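J.: Please see the structure below; I have some questions.
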Amino acid sequence: MAEKDDSVALATVLDRPTPTPRASDPELATAARTPTPLAALAKSSLAAPTSHATIASPLAALAHDEIARTRMFCYVGAVIAFGGIAAMPFLPGGYYETRLLATGIVLGMAGLVYLWNRTRHPATFHAGVGVAIGWYIPALGVTFAVPYFGPYSPVAILLVLGIYVTALGQSRALATAIYITCAAAQAGSGALAMLGIADPGIVRGDYLTHDVQIILQLLIQMVLAATFFLARSSRASSLAAIGELEAATRAVAQREALLQEAREELHRALGSGRGRFTEQTLGHYRLGELIGRGAMGEVYAGIDTRTEQPVAVKLLAPTSLGNAHHVQRFMRELKTAVSIQSPNVVHVLDIGAEPLPHLVMERLQGRDLSSILRDKRILTPDKVVDVLRQVGAGITAAAAARVIHRDLKPQNIFLAGTTYKILDFGVSRLADLGDTLTSGHLVGTPSYMAPEQARGAPVEHAADLYSLAAIAYRCLTGHAPFSGGEIADVLYRVVHSPPRRPSSLAQLPPDLDLALAIGLAKDPAHRFATAGELAAAVADALAGTLPETLRARGRALEAAGAWATDAARSAAR
């Protein structure tokens, strides 16, 4: 029976995306955590057991099951070993055979104790060759029981048990080695008995004819071989079944994400048409149809009566005009918008406070990134790098003007021709001013929100860099880093849980995992310092040329838990 590697079997099943929820502004009271140095994070992650591991893939699910199965096997093996010790004084075993059996029991117990201790550290259970040695020693110890009980005794049941349990595990090489060892011990003892050289076992076969002994040995070997192949086939079928279930779950999640995005698009579309100020003149601007509506503002198509130039005019929504808080936030957006000069930020042509606060912008023709992703699901690597470089230039210009966007997401990135432009600085903040207008309230979209922002801590330019990395994650994998469920649940996971490894969601090079581990680091101090560094790292990672210094940073963050626990993939790498 031919076998496939787990990675090959899994590759035939997966690649579906997950949803991107939209949030309002609930309060979130979550305790801030003290940043930990990167080296200390890596050390503590490797040293401490992971009691609540996230099952991130079919391989991870089977790895998690293998740890639980190993622990249970240690208990069962210990019971069998103690039972053997208790029975030895009452059994008529020979002097040398008894000592050989006792040696086997001691070896087996030592291996079981070692394996049980390894199960206490799931994150590193599969690392190195320690587990393989831990499994092989008890298997070898069991073979010492064959000469004691005899090649035709029920001891073959123990060989079947050991072969089956280990063949269900991750390592095919280990399973094969244990199968060969057990089968060889059984066949060797049987051959010695058939040749009349030695049969010191309690259950002897010297009363059997030579032909009967050969048949019995062949049958036992067939059972051992069948056990091995049955266990490996069972693992492969389990892996495929879990993969199909995950693929179906991710497909449903993707449909929910598309439905959510479609609802948002419908909401914006319903907001278009004739508005309260349609066909009215505001200063030098004649307002046309309402082309967009948000929580606080309305955007009208307009014409500059002096130049006949098409413009977009943003006004406060009628429901916000009587809200002093909303008026203050809108006035702040006016002041913020004119302070940023970049081809990658929507160009502000004019602002005014009379007769109503208004913001006049260039009229863009094209599509936002969200609608592009709804059609294409993922972007090609070169387009993702282009997004990062252009949007990165926009937030860099904003940072130079001491402005933090705080709500960077695909819906706020607009492709006009070949130029990406950042929209909506309505919840932005001046970096060196207090944020009294939004203090106590969560602003932004949870799926793309930096952890420090999600827990209500002060934010700096690093928060926008995190959001830009999250957009790259979405463009490359078809998934937002965190999505689905209630807003409070998404916010909790943004702060406390790692996202899934990008390469587990799409066919991506391992270097990209390392680059995005830095870009999506929970601690702002561990992220890239600039958008240019992030874009360059992603470009290098996609080309397989990530600098070794960044690989080391990424590996340290991975060891510290940058991605949802996936012991099987970590061991494979």
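FYI, nothing fancy with the structure tokens labels: chains A, B, ... in order, residues from 1 per chain, ligands from 1 as they appear.
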Do you have, as a Markdown table, the list of residues of segment 110-193 of chain A lying at most 6 Å from segment 221-233 of chain A, each with its nearest atom pair and that distance in Å to one decimal, counting only C-alpha atoms and ordered by chain then number?
T.:
```
| residue | atom | partner | partner_atom | distance |
| --- | --- | --- | --- | --- |
| A:Val160 | CA | A:Leu224 | CA | 5.9 |
| A:Tyr164 | CA | A:Ala231 | CA | 5.6 |
| A:Ala167 | CA | A:Ala231 | CA | 5.4 |
| A:Leu168 | CA | A:Ala231 | CA | 5.3 |
```
J.: Produce a file of the selected residues containing C-alpha atoms, as a PDB file, in the first residue's frame.
T.:
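The resulting file, part-v2.pdb, is reproduced below:
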```
ATOM      1  CA  VAL A 160       0.157  -5.037  17.928  1.00  0.00           C
ATOM      2  CA  TYR A 164      -0.875   0.645  16.115  1.00  0.00           C
ATOM      3  CA  ALA A 167       1.688   4.293  13.449  1.00  0.00           C
ATOM      4  CA  LEU A 168      -1.119   6.762  14.159  1.00  0.00           C
TER       5      LEU A 168
END
```
J.: Using only C-alpha atoms, determine which residues lie at most 9 Å from segment 191-199 of chain A, disregarding the query and same-chain residues fewer than 5 positions distant; provide the list as a short mmCIF file (atom, residue, chain, number, x, y, z; two decimals) with C-alpha atoms, in the first residue's frame.
T.:
```cif
data_model
loop_
_atom_site.label_atom_id
_atom_site.label_comp_id
_atom_site.auth_asym_id
_atom_site.auth_seq_id
_atom_site.Cartn_x
_atom_site.Cartn_y
_atom_site.Cartn_z
CA PRO A 147 11.90 -14.62 24.68
CA GLY A 150 7.62 -17.31 23.84
CA PRO A 151 7.03 -16.46 20.15
CA GLN A 186 8.88 -11.88 16.79
CA ARG A 204 6.44 -23.33 23.99
CA GLY A 205 5.74 -24.54 20.48
CA ASP A 206 7.96 -27.63 20.47
CA THR A 209 5.01 -29.63 13.73
CA HIS A 210 7.48 -27.62 11.71
CA GLN A 213 5.03 -23.28 13.33
CA ILE A 214 5.79 -21.69 9.94
CA GLN A 217 4.62 -17.21 12.26
#
```
J.: In Å to one decimal, how far is atom CA of Tyr207 of chain A from atom CA of Pro92 of chain A?
T.: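 Going from atom CA of Pro92 of chain A over to atom CA of Tyr207 of chain A covers 18.5 Å.
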J.: Please list as a PyMOL selection string every residue within 7 Å of segment 491-502 of chain A, counting only C-alpha atoms and excluding residues in the same chain fewer than 3 positions away.
T.: chain A and resi 56+446+451+454-455+477+481-482+487-488+505-506+513+561-564
J.: Next, dump the selected residues to file, keeping only C-alpha atoms, as a PDB file, in the first residue's frame.
T.:
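The resulting file, again.pdb, is shown below:
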```pdb
ATOM      1  CA  ALA A  56      -4.939  25.971  13.427  1.00  0.00           C
ATOM      2  CA  PRO A 446     -11.551  45.375  14.826  1.00  0.00           C
ATOM      3  CA  PRO A 451      -3.867  45.290  19.777  1.00  0.00           C
ATOM      4  CA  ALA A 454      -8.261  47.384  20.756  1.00  0.00           C
ATOM      5  CA  ARG A 455      -7.521  47.552  24.468  1.00  0.00           C
ATOM      6  CA  THR A 477      -4.533  34.923   2.145  1.00  0.00           C
ATOM      7  CA  PRO A 481      -6.132  38.262  10.635  1.00  0.00           C
ATOM      8  CA  PHE A 482      -9.125  38.216  12.989  1.00  0.00           C
ATOM      9  CA  ILE A 487     -17.312  42.315  17.919  1.00  0.00           C
ATOM     10  CA  ALA A 488     -16.290  41.754  21.544  1.00  0.00           C
ATOM     11  CA  LEU A 505      -4.264  29.621   4.371  1.00  0.00           C
ATOM     12  CA  ALA A 506      -2.655  30.012   0.947  1.00  0.00           C
ATOM     13  CA  ASP A 513       5.251  34.020   7.670  1.00  0.00           C
ATOM     14  CA  GLY A 561       3.624  32.501  19.749  1.00  0.00           C
ATOM     15  CA  ALA A 562       3.145  34.829  16.750  1.00  0.00           C
ATOM     16  CA  TRP A 563       0.867  32.294  15.034  1.00  0.00           C
ATOM     17  CA  ALA A 564      -1.882  30.039  16.300  1.00  0.00           C
TER      18      ALA A 564
END
```
J.: Given only C-alpha atoms as the basis, pick out the residue of A:Ala480, A:Val490, A:Leu465, A:Leu557 nearest to Thr530 of chain A.
T.: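 Comparing A:Ala480, A:Val490, A:Leu465, A:Leu557 against Thr530 of chain A, the winner is A:Leu465.
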J.: Write out as a PyMOL selection string the set of residues from segment 96-314 of chain A that DSSP, computed on the backbone, places in helix (DSSP H, G or I).
T.: chain A and resi 96-119+122-124+130-143+145-149+156-167+172-194+210-270
J.: Determine, counting only C-alpha atoms, which protein, DNA and RNA residues have an atom within 7 Å of an atom of Ala401 of chain A; residues of the same chain fewer than 3 positions away are not included. Present the result as an MDAnalysis selection string.
T.: chainID A and resid 339:340 397:398
J.: Would you write out, as CSV, a table of all residues in segment 110-214 of chain A that have an atom no more than 7 Å from an atom of segment 70-89 of chain A, listing for each the closest atom pair and the distance in Å to one decimal, considering only C-alpha atoms and ordering rows by chain and rising residue number?
T.:
```
residue,atom,partner,partner_atom,distance
A:Leu112,CA,A:Cys74,CA,5.3
A:Trp116,CA,A:Arg71,CA,5.6
A:Thr119,CA,A:Arg71,CA,6.4
```
J.: Those same residues - C-alpha atoms - I'd like them written as a PDB file, in the first residue's frame.
T.:
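Heads up, here's the output in again.pdb:
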```pdb
ATOM      1  CA  LEU A 112       7.095   6.296  29.252  1.00  0.00           C
ATOM      2  CA  TRP A 116       4.703  11.821  29.661  1.00  0.00           C
ATOM      3  CA  THR A 119       3.311  15.904  26.736  1.00  0.00           C
TER       4      THR A 119
END
```
